[in-house]
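**Student:** Here's a structure for you.
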Amino acid sequence: MRDGDMNCEGIQLAARQGREPTAYEAAHLDECDACIDVWLSAALDKKPEVTIREDFAARVALLASARPEKPAKAKTSRHWGVMSAVAVVTVMLVVCFEGPAPANSTANSWIGPVFLFLVTAEIAGLALWLGPKWMGR
Amino acid sequence: MHGEAQFEEVIREHQAFVFRTLVRLTGSREHVEDLAQEVFLRLYRGMDSFRGDAKLTTYLYRITLNVAQDEWKRRRKEQAHTSFDDPDEGWGERLPHADGDAEQILSAKEAMAGLERALGDLSEAERQVIVMFHQEELTYEKIADVLSLPLNTVRTHLHRGRKKLKERLREGRKSCAMAI
């Protein structure tokens, strides 16, 4: 493609080869989407030059190993949390399925059991979710 | 437990990537060695929990991005307090050594400085995705893994980031031309 005297292919090739645009070519980049796209990719692909001191790795490795390890968090025993969750779930399940029906309940009422089941499921879910955290795993 | 020599080897293997990424994400070489040191110290503290090399590199990428992000925020705060400082200071030193005549070198400097400034105007996620995709040549999948983002979000950040870069570069050139 040609834009006046400007050769897009030439500019794109120059960008891929790592040559920076001249002021004239840079002005063309403002107008030509294909060229700026290629130039942008080439510029972004270019890795910035960095200077790393020869002893950097050795120094940091020494520093890391010399640093005292952070003391491990003391694992507090919080088994009571899991235990109580398990106990509540058990009680709820027993009440739900084995307990006597309330006096005013109708035989085919499903609202009570469903509600109880939902509460039980939520507590069981919490126990499963928080249990391992409490146990320190 | 990992030994000192083993860890030194890990540092040697990845230090170039860490330095490059920090330079590009923070926009300056200032303090880059301190930042790289912080990256590797954080890596050391978390190394025991990693077995496979793939996970280690992913973890290293994450740490590097976090350290760069912290530094970026710190600088932004500093810059807000010292408005008399030249905001472009430090960008020029990152330019590649161009061969050619003075005009060519100046043009190269302007172009790269413009790009670096434009990179600085992107959102954190866009900048991270662009640097990882272009400079470090990571795949969409790997970037998504490192940044814990959905694949499509990575694509979107890359697309939007590139679009913004082009717009910023054009705006920058136009304002330069008007100033002249």
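Please note that chains go A, B, ... in the order of the structure tokens, that every chain numbers its residues from 1, and that ligands are numbered from 1 in the order shown.
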With a cut-off of 8 Å and counting only C-alpha atoms, select all residues of chain A in contact with chain B and give the selection as a list in words.

**Tutor:**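 Listing them in order of chain and number gives Glu20, Pro21, Thr22, Ala23, Ala27, Asp30, Ile36, Asp37, Leu40, Ser41, Ala43, Leu44, Asp45, Lys46, Lys47, Pro48, Glu49, Val50, Ile52, Ala57, Ala58, Val60, Ala61, Leu62, Ala64, Ser65 and Glu69 of chain A.
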
**Student:** Export, as an mmCIF file, in the first residue's frame, the selected residues with C-alpha atoms.

**Tutor:**
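File written: result_30.cif
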data_model
loop_
_atom_site.group_PDB
_atom_site.id
_atom_site.type_symbol
_atom_site.label_atom_id
_atom_site.label_comp_id
_atom_site.auth_asym_id
_atom_site.auth_seq_id
_atom_site.Cartn_x
_atom_site.Cartn_y
_atom_site.Cartn_z
ATOM 1 C CA GLU A 20 12.686 3.468 14.784
ATOM 2 C CA PRO A 21 10.533 5.676 12.525
ATOM 3 C CA THR A 22 11.921 8.929 11.220
ATOM 4 C CA ALA A 23 9.923 12.073 11.919
ATOM 5 C CA ALA A 27 3.708 11.437 10.962
ATOM 6 C CA ASP A 30 -0.816 8.869 12.816
ATOM 7 C CA ILE A 36 0.930 1.893 13.725
ATOM 8 C CA ASP A 37 -0.329 -1.574 14.616
ATOM 9 C CA LEU A 40 3.274 -0.894 18.236
ATOM 10 C CA SER A 41 3.733 -4.668 18.243
ATOM 11 C CA ALA A 43 7.989 -1.715 20.050
ATOM 12 C CA LEU A 44 6.181 -3.733 22.702
ATOM 13 C CA ASP A 45 7.937 -6.962 21.724
ATOM 14 C CA LYS A 46 11.283 -5.302 22.264
ATOM 15 C CA LYS A 47 12.665 -6.320 25.623
ATOM 16 C CA PRO A 48 14.112 -3.452 27.625
ATOM 17 C CA GLU A 49 17.825 -3.789 28.234
ATOM 18 C CA VAL A 50 18.632 -4.386 31.853
ATOM 19 C CA ILE A 52 22.109 -7.119 36.434
ATOM 20 C CA ALA A 57 21.836 -13.912 42.599
ATOM 21 C CA ALA A 58 24.463 -14.930 45.159
ATOM 22 C CA VAL A 60 20.005 -12.402 47.373
ATOM 23 C CA ALA A 61 20.312 -16.151 47.962
ATOM 24 C CA LEU A 62 22.590 -15.468 50.906
ATOM 25 C CA ALA A 64 17.245 -15.130 51.893
ATOM 26 C CA SER A 65 18.876 -18.038 53.655
ATOM 27 C CA GLU A 69 12.136 -17.973 58.769
#

**Student:** Mind checking which residues fall within 8 Å of Leu60 of chain B, counting only C-alpha atoms, ignoring those fewer than 4 positions away in the same chain, and posting them as a CSV table (one decimal) with N, CA and C atoms, in the first residue's frame?

**Tutor:**
chain,number,residue,atom,x,y,z
B,39,VAL,N,11.2,-9.4,45.3
B,39,VAL,CA,10.5,-10.4,44.6
B,39,VAL,C,11.1,-11.8,45.0
B,43,LEU,N,9.6,-14.9,47.1
B,43,LEU,CA,9.6,-16.3,46.4
B,43,LEU,C,10.2,-17.3,47.4
B,56,LEU,N,6.0,-22.9,40.1
B,56,LEU,CA,7.0,-21.9,40.6
B,56,LEU,C,7.0,-20.7,39.7
B,64,THR,N,6.0,-10.9,41.0
B,64,THR,CA,6.6,-9.8,40.3
B,64,THR,C,5.6,-8.7,40.0
